[in-house]
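Undergrad: One structure, pasted below without further comment.
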Amino acid sequence: MARPSTQKQRRREVVDAALTAAAEHGLRNLSLTDVANQAGVTRGALLYYYDDLEAILVEAHAAGMERVGAERAALVSQQQGAAAKLATAVEAGLPEGPDDALMRLLYEFDVLAGKSPLHDELVQRLYREQLELYRGILAEGVAGGAFALTGPLDDIAMNFVALEDAYGLHIVAGGSITLDDARRAIRLFAEQAGAPLPL
């Protein structure tokens, strides 16, 4: 049996391999063999650490969320003032473009939410994290006089989350809405909501 530290490292490598393989093949077509090939091990080796592909995907989903959430929160915390924090939250919440594999994968994981209680909990947790981030920034802006909100704070925070999710999905799908379109539309909403972004 692998030592605990080695086992933890191996599980991390499997999760990284699953994220990479899922980005390449898509979740619907992903197989245990794909993950094993990406990790450079046998299917049997994977099953030593995980019960099945679903167990790997749940951990990969959580790891992907952690990377996106932790990185975004760190970027926001480095900013001075609510307006700069809001602008950073919006920018970091949108995909970089159609080739943003991790963001595309997180949207694909959303599809599993209705079919798996574990995935459903992860999707809901990410939503709560998004909502709390925007709530906190908006509250700071109101308290400091930077924002004069034109509606209830909670509703405006919800709309920021909804806009970044909806536009993000269109961006990773490579549709007619581009990253620049999304930035422009969210900036307009922010201004209309009384929380203008810095120029």
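Residues are referred to by chain and number: the chain letter is A, B, ... according to the order shown in the structure tokens, the number counts from 1 in that chain, and ligands are numbered separately from 1 in the order shown.
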In stretch 1-198 of chain A, what's helix (DSSP H, G or I) per DSSP? Answer as an NGL selection string?
TA: :A and (4-25 or 27-29 or 32-39 or 43-49 or 53-77 or 82-93 or 101-111 or 117-144 or 153-172 or 179-192)
Undergrad: Can you write out the residues you just picked, keeping C-alpha atoms, as a compact mmCIF listing (two decimals), in the first residue's frame?
TA:
```
# COMPACT_ATOMS: atom_id res chain seq x y z
CA PRO A 4 -0.18 8.50 2.88
CA SER A 5 1.98 11.28 1.36
CA THR A 6 2.59 9.23 -1.79
CA GLN A 7 -1.09 8.31 -1.99
CA LYS A 8 -2.10 11.96 -1.73
CA GLN A 9 0.32 12.87 -4.53
CA ARG A 10 -0.94 10.03 -6.72
CA ARG A 11 -4.57 11.07 -6.19
CA ARG A 12 -3.66 14.65 -7.14
CA GLU A 13 -1.98 13.38 -10.32
CA VAL A 14 -5.09 11.37 -11.19
CA VAL A 15 -7.31 14.43 -10.69
CA ASP A 16 -5.02 16.55 -12.89
CA ALA A 17 -5.11 13.83 -15.53
CA ALA A 18 -8.91 13.70 -15.33
CA LEU A 19 -9.20 17.47 -15.81
CA THR A 20 -6.88 17.35 -18.81
CA ALA A 21 -8.57 14.30 -20.37
CA ALA A 22 -12.05 15.74 -19.82
CA ALA A 23 -11.03 19.01 -21.46
CA GLU A 24 -9.74 17.04 -24.46
CA HIS A 25 -12.53 14.46 -24.84
CA LEU A 27 -17.29 14.78 -20.16
CA ARG A 28 -19.89 12.90 -22.19
CA ASN A 29 -17.22 10.90 -24.02
CA LEU A 32 -11.69 5.55 -17.33
CA THR A 33 -9.24 4.50 -20.05
CA ASP A 34 -8.88 8.12 -21.19
CA VAL A 35 -7.95 9.18 -17.66
CA ALA A 36 -5.58 6.25 -17.26
CA ASN A 37 -3.84 7.04 -20.55
CA GLN A 38 -3.50 10.69 -19.58
CA ALA A 39 -2.08 9.71 -16.19
CA ARG A 43 -7.09 1.28 -15.34
CA GLY A 44 -6.36 -1.05 -12.44
CA ALA A 45 -3.95 1.49 -10.95
CA LEU A 46 -6.69 4.14 -11.03
CA LEU A 47 -9.11 1.82 -9.30
CA TYR A 48 -6.59 1.36 -6.50
CA TYR A 49 -7.17 5.00 -5.53
CA LEU A 53 -14.80 7.17 -12.88
CA GLU A 54 -17.58 9.06 -11.07
CA ALA A 55 -15.48 9.27 -7.89
CA ILE A 56 -12.57 10.69 -9.92
CA LEU A 57 -14.87 13.23 -11.60
CA VAL A 58 -16.32 14.45 -8.30
CA GLU A 59 -12.82 15.11 -6.97
CA ALA A 60 -11.77 16.69 -10.28
CA HIS A 61 -14.85 18.92 -10.19
CA ALA A 62 -13.96 20.06 -6.66
CA ALA A 63 -10.33 20.65 -7.63
CA GLY A 64 -11.31 22.71 -10.67
CA MET A 65 -13.64 24.84 -8.55
CA GLU A 66 -10.94 25.37 -5.96
CA ARG A 67 -8.47 26.60 -8.57
CA VAL A 68 -10.94 29.05 -10.06
CA GLY A 69 -12.37 30.20 -6.72
CA ALA A 70 -9.11 30.54 -4.81
CA GLU A 71 -7.32 32.30 -7.67
CA ARG A 72 -10.17 34.75 -8.14
CA ALA A 73 -10.48 35.55 -4.43
CA ALA A 74 -6.73 36.19 -4.23
CA LEU A 75 -6.86 38.58 -7.20
CA VAL A 76 -9.78 40.49 -5.69
CA SER A 77 -8.12 40.77 -2.28
CA ALA A 82 -14.67 48.38 -4.07
CA ALA A 83 -14.75 49.53 -7.71
CA ALA A 84 -11.39 47.93 -8.48
CA LYS A 85 -12.43 44.77 -6.63
CA LEU A 86 -15.66 44.59 -8.63
CA ALA A 87 -13.83 45.06 -11.93
CA THR A 88 -11.37 42.31 -10.99
CA ALA A 89 -14.16 39.94 -9.90
CA VAL A 90 -15.96 40.43 -13.21
CA GLU A 91 -12.81 39.95 -15.29
CA ALA A 92 -11.68 36.85 -13.38
CA GLY A 93 -15.17 35.37 -13.51
CA ALA A 101 -10.45 24.54 -21.05
CA LEU A 102 -10.94 24.71 -17.30
CA MET A 103 -13.91 27.09 -17.52
CA ARG A 104 -15.47 25.00 -20.29
CA LEU A 105 -15.09 21.93 -18.10
CA LEU A 106 -16.76 23.63 -15.14
CA TYR A 107 -19.73 24.46 -17.37
CA GLU A 108 -19.85 20.84 -18.47
CA PHE A 109 -19.89 19.75 -14.83
CA ASP A 110 -23.03 21.86 -14.40
CA VAL A 111 -24.79 19.40 -16.71
CA PRO A 117 -26.10 14.75 -5.64
CA LEU A 118 -22.35 15.27 -5.23
CA HIS A 119 -22.01 17.30 -8.41
CA ASP A 120 -25.18 19.19 -7.48
CA GLU A 121 -23.63 20.18 -4.14
CA LEU A 122 -20.45 21.36 -5.86
CA VAL A 123 -22.39 23.46 -8.37
CA GLN A 124 -24.44 25.01 -5.57
CA ARG A 125 -21.31 25.66 -3.52
CA LEU A 126 -19.66 27.49 -6.41
CA TYR A 127 -22.80 29.58 -6.89
CA ARG A 128 -22.81 30.52 -3.20
CA GLU A 129 -19.14 31.49 -3.40
CA GLN A 130 -19.80 33.68 -6.46
CA LEU A 131 -22.79 35.31 -4.77
CA GLU A 132 -20.93 36.01 -1.51
CA LEU A 133 -18.01 37.53 -3.40
CA TYR A 134 -20.27 40.01 -5.17
CA ARG A 135 -22.33 40.71 -2.04
CA GLY A 136 -19.19 41.52 -0.08
CA ILE A 137 -17.81 43.86 -2.74
CA LEU A 138 -21.13 45.66 -3.19
CA ALA A 139 -21.59 46.07 0.57
CA GLU A 140 -18.07 47.49 0.85
CA GLY A 141 -18.80 49.92 -1.96
CA VAL A 142 -22.05 51.11 -0.38
CA ALA A 143 -20.44 51.51 3.04
CA GLY A 144 -17.53 53.48 1.57
CA LEU A 153 -28.00 44.59 -3.00
CA ASP A 154 -28.85 40.88 -3.06
CA ASP A 155 -30.66 41.17 -6.40
CA ILE A 156 -27.79 43.10 -7.97
CA ALA A 157 -25.29 40.50 -6.70
CA MET A 158 -27.47 37.74 -8.16
CA ASN A 159 -27.55 39.52 -11.51
CA PHE A 160 -23.75 39.81 -11.60
CA VAL A 161 -23.50 36.04 -11.08
CA ALA A 162 -26.18 35.31 -13.67
CA LEU A 163 -24.54 37.55 -16.26
CA GLU A 164 -21.05 36.11 -15.80
CA ASP A 165 -22.43 32.55 -15.98
CA ALA A 166 -24.60 33.17 -19.03
CA TYR A 167 -22.02 35.14 -20.97
CA GLY A 168 -19.28 32.73 -19.94
CA LEU A 169 -21.22 29.81 -21.38
CA HIS A 170 -21.61 31.62 -24.70
CA ILE A 171 -17.90 32.50 -24.75
CA VAL A 172 -16.63 28.94 -24.20
CA LEU A 179 -15.39 38.28 -24.29
CA ASP A 180 -15.42 41.96 -25.30
CA ASP A 181 -19.22 41.83 -25.74
CA ALA A 182 -19.59 40.36 -22.25
CA ARG A 183 -17.29 42.93 -20.67
CA ARG A 184 -19.18 45.78 -22.32
CA ALA A 185 -22.61 44.48 -21.32
CA ILE A 186 -21.62 43.79 -17.71
CA ARG A 187 -20.00 47.23 -17.46
CA LEU A 188 -23.29 48.76 -18.63
CA PHE A 189 -25.25 46.75 -16.07
CA ALA A 190 -22.84 47.78 -13.31
CA GLU A 191 -23.34 51.44 -14.18
CA GLN A 192 -27.13 51.07 -14.32
```
Undergrad: Go ahead and compute the interatomic distance for atom CA of A:Pro98 and atom CA of A:Gly26, in Å to one decimal.
TA: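 Calculated distance between atom CA of A:Pro98 and atom CA of A:Gly26 is 14.1 Å.
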Undergrad: Which residues are close to A:Ala148, i.e. within 8 Å by only C-alpha atoms, leaving aside same-chain residues fewer than 3 positions away? Reply as a ChimeraX atom specification.
TA: /A:142,145,194-195
Undergrad: For a test of reading the model, state the distance in Å between atom CA of A:Glu96 and atom CA of A:Thr178, rounded to one decimal.
TA: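 Atom CA of A:Thr178 lies at a distance of 9.9 Å from atom CA of A:Glu96.
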Undergrad: If you measure from atom CA of A:Gly81 to atom CA of A:Leu197, what distance in Å do you get, rounded to one decimal?
TA: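 Computed distance, atom CA of A:Gly81 to atom CA of A:Leu197, equals 10.9 Å.
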